[in-house]
Amino acid sequence: MGFGYLFFGAVLWINPLLSAYTEWAAYLFMLAGNNKLAFYNRGFRCSRIAAVSGLLLSFLRLIPTAAEEFGLYAFSEGILYPIISTAVLLNAAVYVVFLMIGIFQIAGETGLEKLKTKAVYRAGLHTLVILFETVVSLGILENAAGDGSMTVILFAKIFVKILVALLVFSCYRMICLEGEEEMSRKESRFAFVNRLNEHFDRKEEENLELARREREERRKKKQQTRRK
């Protein structure tokens, strides 16, 4: 269930319009997932720490944002707004980097090379988008916030977060964690859900078979190299 919690949190995290009100829930689910995965490698342990700080920062942003909605406090006009907003952005970058490191490590242990490559790309793309948003929001680049830059950043963030969520879902489908080997899937009352599960099960078996073949090929190449 570790990757299941992570996936649900990642889906909540995609929300671009009400993120100030929903980000805490996303981090809560992702923290639950990280708690279950922290046992496996350092990447997940570090991302768990970033999830905790993300949860605290999201609450720190939620309270003054809600107060501003009720006319109690002009949060967006005060000095705290850029500080908290920048901290939220940078923490998100750190969280995704460590999460991708965790996925990279566990995918390597299970022989899923494609997931390792995707984790590297996702980490790099998300970091670039966040750093560019930070530079623009702080006004470091003169006039960078104009000409639709923030709109481009918004769609870029949505796109990259979708990629992160899809990668987590791939891990959920393809990586069987210790203790989950004998767990059977409950049949759904909806036929289309059962068909979808069957489709993903077939894809999972194909990917696992491909991973086994790749491991076998690497083993044979190592043996041939030693003989030479």
# chains A, B, ... in the order shown; residues from 1 in each chain; ligands from 1
call {"tool": "residues_around", "arguments": {"residues": "region 51-62 of chain A", "least_positions_apart": "5", "cutoff": "10 Å", "atoms": "only C-alpha atoms", "output": "PDB file with N, CA and C atoms, in the first residue's frame"}}
result
ATOM      1  N   SER A  19      -4.500  24.702  -4.563  1.00  0.00           N
ATOM      2  CA  SER A  19      -3.404  23.992  -3.911  1.00  0.00           C
ATOM      3  C   SER A  19      -3.155  24.472  -2.486  1.00  0.00           C
ATOM      4  N   ALA A  20      -3.405  25.755  -2.241  1.00  0.00           N
ATOM      5  CA  ALA A  20      -3.195  26.281  -0.887  1.00  0.00           C
ATOM      6  C   ALA A  20      -4.126  25.617   0.121  1.00  0.00           C
ATOM      7  N   TYR A  21      -5.262  25.088  -0.357  1.00  0.00           N
ATOM      8  CA  TYR A  21      -6.238  24.472   0.538  1.00  0.00           C
ATOM      9  C   TYR A  21      -6.148  22.942   0.549  1.00  0.00           C
ATOM     10  N   THR A  22      -5.540  22.346  -0.470  1.00  0.00           N
ATOM     11  CA  THR A  22      -5.529  20.878  -0.570  1.00  0.00           C
ATOM     12  C   THR A  22      -4.139  20.259  -0.442  1.00  0.00           C
ATOM     13  N   GLU A  23      -3.096  21.089  -0.478  1.00  0.00           N
ATOM     14  CA  GLU A  23      -1.744  20.536  -0.479  1.00  0.00           C
ATOM     15  C   GLU A  23      -1.441  19.771   0.798  1.00  0.00           C
ATOM     16  N   TRP A  24      -1.998  20.197   1.921  1.00  0.00           N
ATOM     17  CA  TRP A  24      -1.752  19.499   3.181  1.00  0.00           C
ATOM     18  C   TRP A  24      -2.263  18.060   3.106  1.00  0.00           C
ATOM     19  N   ALA A  25      -3.433  17.861   2.447  1.00  0.00           N
ATOM     20  CA  ALA A  25      -3.982  16.510   2.315  1.00  0.00           C
ATOM     21  C   ALA A  25      -3.096  15.659   1.416  1.00  0.00           C
ATOM     22  N   ALA A  26      -2.564  16.274   0.342  1.00  0.00           N
ATOM     23  CA  ALA A  26      -1.657  15.547  -0.549  1.00  0.00           C
ATOM     24  C   ALA A  26      -0.424  15.080   0.212  1.00  0.00           C
ATOM     25  N   TYR A  27       0.166  15.978   0.990  1.00  0.00           N
ATOM     26  CA  TYR A  27       1.356  15.607   1.757  1.00  0.00           C
ATOM     27  C   TYR A  27       1.024  14.571   2.830  1.00  0.00           C
ATOM     28  N   LEU A  28      -0.173  14.625   3.357  1.00  0.00           N
ATOM     29  CA  LEU A  28      -0.565  13.657   4.385  1.00  0.00           C
ATOM     30  C   LEU A  28      -0.579  12.244   3.808  1.00  0.00           C
ATOM     31  N   PHE A  29      -1.164  12.095   2.615  1.00  0.00           N
ATOM     32  CA  PHE A  29      -1.181  10.778   1.973  1.00  0.00           C
ATOM     33  C   PHE A  29       0.223  10.356   1.538  1.00  0.00           C
ATOM     34  N   MET A  30       0.986  11.311   1.007  1.00  0.00           N
ATOM     35  CA  MET A  30       2.348  10.960   0.580  1.00  0.00           C
ATOM     36  C   MET A  30       3.220  10.580   1.771  1.00  0.00           C
ATOM     37  N   LEU A  31       2.993  11.233   2.909  1.00  0.00           N
ATOM     38  CA  LEU A  31       3.732  10.875   4.118  1.00  0.00           C
ATOM     39  C   LEU A  31       3.377   9.464   4.563  1.00  0.00           C
ATOM     40  N   ALA A  32       2.091   9.100   4.460  1.00  0.00           N
ATOM     41  CA  ALA A  32       1.675   7.741   4.805  1.00  0.00           C
ATOM     42  C   ALA A  32       2.378   6.724   3.911  1.00  0.00           C
ATOM     43  N   GLY A  33       2.492   7.051   2.621  1.00  0.00           N
ATOM     44  CA  GLY A  33       3.201   6.168   1.705  1.00  0.00           C
ATOM     45  C   GLY A  33       4.680   6.078   2.020  1.00  0.00           C
ATOM     46  N   ASN A  34       5.284   7.223   2.316  1.00  0.00           N
ATOM     47  CA  ASN A  34       6.708   7.237   2.654  1.00  0.00           C
ATOM     48  C   ASN A  34       6.997   6.468   3.934  1.00  0.00           C
ATOM     49  N   ASN A  35       6.084   6.513   4.880  1.00  0.00           N
ATOM     50  CA  ASN A  35       6.276   5.761   6.120  1.00  0.00           C
ATOM     51  C   ASN A  35       6.396   4.265   5.846  1.00  0.00           C
ATOM     52  N   ARG A  45      13.451   7.440   2.869  1.00  0.00           N
ATOM     53  CA  ARG A  45      13.576   7.998   4.224  1.00  0.00           C
ATOM     54  C   ARG A  45      13.756   9.518   4.164  1.00  0.00           C
ATOM     55  N   CYS A  46      14.549   9.975   3.212  1.00  0.00           N
ATOM     56  CA  CYS A  46      14.755  11.427   3.069  1.00  0.00           C
ATOM     57  C   CYS A  46      13.492  12.119   2.560  1.00  0.00           C
ATOM     58  N   ALA A  67      -7.435  33.137   6.161  1.00  0.00           N
ATOM     59  CA  ALA A  67      -7.716  34.398   6.847  1.00  0.00           C
ATOM     60  C   ALA A  67      -7.916  35.527   5.843  1.00  0.00           C
ATOM     61  N   GLU A  68      -7.155  35.505   4.772  1.00  0.00           N
ATOM     62  CA  GLU A  68      -7.313  36.547   3.751  1.00  0.00           C
ATOM     63  C   GLU A  68      -8.653  36.428   3.037  1.00  0.00           C
ATOM     64  N   PHE A  75      -2.654  38.555   3.475  1.00  0.00           N
ATOM     65  CA  PHE A  75      -1.488  37.668   3.372  1.00  0.00           C
ATOM     66  C   PHE A  75      -0.684  37.930   2.095  1.00  0.00           C
ATOM     67  N   LEU A  80       5.397  38.000   4.593  1.00  0.00           N
ATOM     68  CA  LEU A  80       5.430  36.560   4.789  1.00  0.00           C
ATOM     69  C   LEU A  80       5.094  35.786   3.526  1.00  0.00           C
ATOM     70  N   TYR A  81       4.329  36.383   2.630  1.00  0.00           N
ATOM     71  CA  TYR A  81       3.865  35.662   1.433  1.00  0.00           C
ATOM     72  C   TYR A  81       5.019  35.132   0.580  1.00  0.00           C
ATOM     73  N   ILE A  84       7.026  32.297   2.625  1.00  0.00           N
ATOM     74  CA  ILE A  84       6.350  31.002   2.747  1.00  0.00           C
ATOM     75  C   ILE A  84       6.186  30.345   1.383  1.00  0.00           C
ATOM     76  N   SER A  85       5.828  31.128   0.380  1.00  0.00           N
ATOM     77  CA  SER A  85       5.634  30.578  -0.968  1.00  0.00           C
ATOM     78  C   SER A  85       6.925  29.979  -1.511  1.00  0.00           C
ATOM     79  N   ALA A  87       9.466  28.884   0.280  1.00  0.00           N
ATOM     80  CA  ALA A  87       9.775  27.691   1.076  1.00  0.00           C
ATOM     81  C   ALA A  87       8.956  26.488   0.604  1.00  0.00           C
ATOM     82  N   VAL A  88       7.681  26.731   0.276  1.00  0.00           N
ATOM     83  CA  VAL A  88       6.816  25.657  -0.232  1.00  0.00           C
ATOM     84  C   VAL A  88       7.353  25.111  -1.548  1.00  0.00           C
ATOM     85  N   LEU A  89       7.754  26.003  -2.447  1.00  0.00           N
ATOM     86  CA  LEU A  89       8.272  25.586  -3.751  1.00  0.00           C
ATOM     87  C   LEU A  89       9.563  24.777  -3.617  1.00  0.00           C
ATOM     88  N   LEU A  90      10.504  25.294  -2.846  1.00  0.00           N
ATOM     89  CA  LEU A  90      11.789  24.614  -2.708  1.00  0.00           C
ATOM     90  C   LEU A  90      11.642  23.271  -2.004  1.00  0.00           C
ATOM     91  N   ASN A  91      10.742  23.208  -1.029  1.00  0.00           N
ATOM     92  CA  ASN A  91      10.502  21.942  -0.339  1.00  0.00           C
ATOM     93  C   ASN A  91       9.920  20.911  -1.305  1.00  0.00           C
ATOM     94  N   ALA A  92       9.033  21.373  -2.203  1.00  0.00           N
ATOM     95  CA  ALA A  92       8.447  20.463  -3.198  1.00  0.00           C
ATOM     96  C   ALA A  92       9.532  19.893  -4.102  1.00  0.00           C
ATOM     97  N   VAL A  94      12.720  19.485  -3.363  1.00  0.00           N
ATOM     98  CA  VAL A  94      13.514  18.548  -2.563  1.00  0.00           C
ATOM     99  C   VAL A  94      12.760  17.228  -2.397  1.00  0.00           C
ATOM    100  N   TYR A  95      11.462  17.324  -2.120  1.00  0.00           N
ATOM    101  CA  TYR A  95      10.663  16.115  -1.920  1.00  0.00           C
ATOM    102  C   TYR A  95      10.683  15.222  -3.155  1.00  0.00           C
ATOM    103  N   VAL A  96      10.439  15.816  -4.329  1.00  0.00           N
ATOM    104  CA  VAL A  96      10.385  15.018  -5.557  1.00  0.00           C
ATOM    105  C   VAL A  96      11.750  14.420  -5.873  1.00  0.00           C
ATOM    106  N   LEU A  99      12.187  11.514  -3.567  1.00  0.00           N
ATOM    107  CA  LEU A  99      11.229  10.468  -3.938  1.00  0.00           C
ATOM    108  C   LEU A  99      11.706   9.729  -5.181  1.00  0.00           C
TER     109      LEU A  99
END
call {"tool": "residues_around", "arguments": {"residues": "Phe44 (chain A)", "least_positions_apart": "5", "cutoff": "9 Å", "atoms": "only C-alpha atoms", "output": "PDB file with all heavy atoms, in the first residue's frame"}}
result
ATOM      1  N   ASN A  34       5.284   7.223   2.316  1.00  0.00           N
ATOM      2  CA  ASN A  34       6.708   7.237   2.654  1.00  0.00           C
ATOM      3  C   ASN A  34       6.997   6.468   3.934  1.00  0.00           C
ATOM      4  O   ASN A  34       8.065   5.852   4.063  1.00  0.00           O
ATOM      5  CB  ASN A  34       7.206   8.669   2.795  1.00  0.00           C
ATOM      6  CG  ASN A  34       7.503   9.325   1.457  1.00  0.00           C
ATOM      7  OD1 ASN A  34       6.935  10.359   1.125  1.00  0.00           O
ATOM      8  ND2 ASN A  34       8.379   8.736   0.675  1.00  0.00           N
ATOM      9  N   ASN A  35       6.084   6.513   4.880  1.00  0.00           N
ATOM     10  CA  ASN A  35       6.276   5.761   6.120  1.00  0.00           C
ATOM     11  C   ASN A  35       6.396   4.265   5.846  1.00  0.00           C
ATOM     12  O   ASN A  35       7.170   3.557   6.500  1.00  0.00           O
ATOM     13  CB  ASN A  35       5.115   6.018   7.083  1.00  0.00           C
ATOM     14  CG  ASN A  35       5.300   7.294   7.877  1.00  0.00           C
ATOM     15  OD1 ASN A  35       6.423   7.733   8.113  1.00  0.00           O
ATOM     16  ND2 ASN A  35       4.205   7.909   8.287  1.00  0.00           N
ATOM     17  N   LEU A  37       7.385   2.982   2.926  1.00  0.00           N
ATOM     18  CA  LEU A  37       8.496   2.710   2.019  1.00  0.00           C
ATOM     19  C   LEU A  37       9.865   3.040   2.619  1.00  0.00           C
ATOM     20  O   LEU A  37      10.888   2.637   2.065  1.00  0.00           O
ATOM     21  CB  LEU A  37       8.307   3.520   0.725  1.00  0.00           C
ATOM     22  CG  LEU A  37       7.115   3.109  -0.137  1.00  0.00           C
ATOM     23  CD1 LEU A  37       6.826   4.177  -1.186  1.00  0.00           C
ATOM     24  CD2 LEU A  37       7.364   1.772  -0.804  1.00  0.00           C
ATOM     25  N   ALA A  38       9.872   3.791   3.722  1.00  0.00           N
ATOM     26  CA  ALA A  38      11.144   4.246   4.301  1.00  0.00           C
ATOM     27  C   ALA A  38      12.048   3.087   4.686  1.00  0.00           C
ATOM     28  O   ALA A  38      13.274   3.244   4.739  1.00  0.00           O
ATOM     29  CB  ALA A  38      10.873   5.125   5.526  1.00  0.00           C
ATOM     30  N   PHE A  39      11.463   1.929   4.923  1.00  0.00           N
ATOM     31  CA  PHE A  39      12.245   0.746   5.314  1.00  0.00           C
ATOM     32  C   PHE A  39      13.187   0.291   4.204  1.00  0.00           C
ATOM     33  O   PHE A  39      14.244  -0.295   4.471  1.00  0.00           O
ATOM     34  CB  PHE A  39      11.280  -0.397   5.684  1.00  0.00           C
ATOM     35  CG  PHE A  39      11.936  -1.724   5.865  1.00  0.00           C
ATOM     36  CD1 PHE A  39      12.596  -2.024   7.040  1.00  0.00           C
ATOM     37  CD2 PHE A  39      11.904  -2.679   4.850  1.00  0.00           C
ATOM     38  CE1 PHE A  39      13.210  -3.263   7.206  1.00  0.00           C
ATOM     39  CE2 PHE A  39      12.518  -3.911   5.022  1.00  0.00           C
ATOM     40  CZ  PHE A  39      13.164  -4.199   6.196  1.00  0.00           C
ATOM     41  N   ILE A  49      11.099  12.847   5.346  1.00  0.00           N
ATOM     42  CA  ILE A  49      11.398  14.077   6.087  1.00  0.00           C
ATOM     43  C   ILE A  49      10.867  15.290   5.331  1.00  0.00           C
ATOM     44  O   ILE A  49      10.272  16.199   5.918  1.00  0.00           O
ATOM     45  CB  ILE A  49      12.922  14.204   6.310  1.00  0.00           C
ATOM     46  CG1 ILE A  49      13.428  13.058   7.179  1.00  0.00           C
ATOM     47  CG2 ILE A  49      13.261  15.552   6.945  1.00  0.00           C
ATOM     48  CD1 ILE A  49      14.939  13.006   7.310  1.00  0.00           C
ATOM     49  N   PHE A  98      14.166  13.476  -3.785  1.00  0.00           N
ATOM     50  CA  PHE A  98      14.405  12.315  -2.921  1.00  0.00           C
ATOM     51  C   PHE A  98      13.439  11.171  -3.221  1.00  0.00           C
ATOM     52  O   PHE A  98      13.816   9.989  -3.138  1.00  0.00           O
ATOM     53  CB  PHE A  98      14.314  12.716  -1.452  1.00  0.00           C
ATOM     54  CG  PHE A  98      15.539  13.423  -0.940  1.00  0.00           C
ATOM     55  CD1 PHE A  98      15.454  14.685  -0.376  1.00  0.00           C
ATOM     56  CD2 PHE A  98      16.787  12.828  -1.036  1.00  0.00           C
ATOM     57  CE1 PHE A  98      16.585  15.347   0.079  1.00  0.00           C
ATOM     58  CE2 PHE A  98      17.927  13.469  -0.581  1.00  0.00           C
ATOM     59  CZ  PHE A  98      17.824  14.735  -0.025  1.00  0.00           C
ATOM     60  N   LEU A  99      12.187  11.514  -3.567  1.00  0.00           N
ATOM     61  CA  LEU A  99      11.229  10.468  -3.938  1.00  0.00           C
ATOM     62  C   LEU A  99      11.706   9.729  -5.181  1.00  0.00           C
ATOM     63  O   LEU A  99      11.639   8.492  -5.255  1.00  0.00           O
ATOM     64  CB  LEU A  99       9.858  11.086  -4.189  1.00  0.00           C
ATOM     65  CG  LEU A  99       8.751  10.108  -4.618  1.00  0.00           C
ATOM     66  CD1 LEU A  99       8.473   9.102  -3.514  1.00  0.00           C
ATOM     67  CD2 LEU A  99       7.478  10.868  -4.990  1.00  0.00           C
ATOM     68  N   MET A 100      12.201  10.470  -6.168  1.00  0.00           N
ATOM     69  CA  MET A 100      12.708   9.848  -7.389  1.00  0.00           C
ATOM     70  C   MET A 100      13.969   9.021  -7.107  1.00  0.00           C
ATOM     71  O   MET A 100      14.185   7.986  -7.727  1.00  0.00           O
ATOM     72  CB  MET A 100      13.010  10.911  -8.440  1.00  0.00           C
ATOM     73  CG  MET A 100      11.775  11.650  -8.967  1.00  0.00           C
ATOM     74  SD  MET A 100      10.537  10.571  -9.745  1.00  0.00           S
ATOM     75  CE  MET A 100       9.276  10.502  -8.438  1.00  0.00           C
ATOM     76  N   ILE A 101      14.793   9.477  -6.158  1.00  0.00           N
ATOM     77  CA  ILE A 101      15.964   8.680  -5.758  1.00  0.00           C
ATOM     78  C   ILE A 101      15.505   7.353  -5.159  1.00  0.00           C
ATOM     79  O   ILE A 101      16.068   6.288  -5.455  1.00  0.00           O
ATOM     80  CB  ILE A 101      16.835   9.458  -4.761  1.00  0.00           C
ATOM     81  CG1 ILE A 101      17.527  10.641  -5.465  1.00  0.00           C
ATOM     82  CG2 ILE A 101      17.883   8.542  -4.127  1.00  0.00           C
ATOM     83  CD1 ILE A 101      18.302  11.546  -4.526  1.00  0.00           C
ATOM     84  N   GLY A 102      14.476   7.412  -4.317  1.00  0.00           N
ATOM     85  CA  GLY A 102      13.936   6.193  -3.726  1.00  0.00           C
ATOM     86  C   GLY A 102      13.405   5.241  -4.784  1.00  0.00           C
ATOM     87  O   GLY A 102      13.656   4.030  -4.731  1.00  0.00           O
ATOM     88  N   ILE A 103      12.676   5.779  -5.760  1.00  0.00           N
ATOM     89  CA  ILE A 103      12.143   4.947  -6.841  1.00  0.00           C
ATOM     90  C   ILE A 103      13.285   4.388  -7.687  1.00  0.00           C
ATOM     91  O   ILE A 103      13.269   3.222  -8.096  1.00  0.00           O
ATOM     92  CB  ILE A 103      11.164   5.765  -7.699  1.00  0.00           C
ATOM     93  CG1 ILE A 103       9.879   6.059  -6.894  1.00  0.00           C
ATOM     94  CG2 ILE A 103      10.814   5.030  -8.991  1.00  0.00           C
ATOM     95  CD1 ILE A 103       8.885   6.937  -7.612  1.00  0.00           C
TER      96      ILE A 103
END
call {"tool": "closest_residue", "arguments": {"among": "A:Gln223, A:Thr86, A:Thr110, A:Thr117", "to": "Val136 (chain A)", "atoms": "only C-alpha atoms"}}
result
A:Thr86
call {"tool": "closest_residue", "arguments": {"among": "A:Ile14, A:Gly2, A:Thr151, A:Gly78", "to": "Ala165 (chain A)", "atoms": "only C-alpha atoms"}}
result
A:Ile14
call {"tool": "select_by_dssp", "arguments": {"residues": "region 56-112 of chain A", "states": "alpha helix (DSSP H)", "output": "PyMOL selection string"}}
result
chain A and resi 56-69+80-109
call {"tool": "atom_distance", "arguments": {"atom1": "CA of Glu133 (chain A)", "atom2": "CA of Ile153 (chain A)"}}
result
6.5 Å
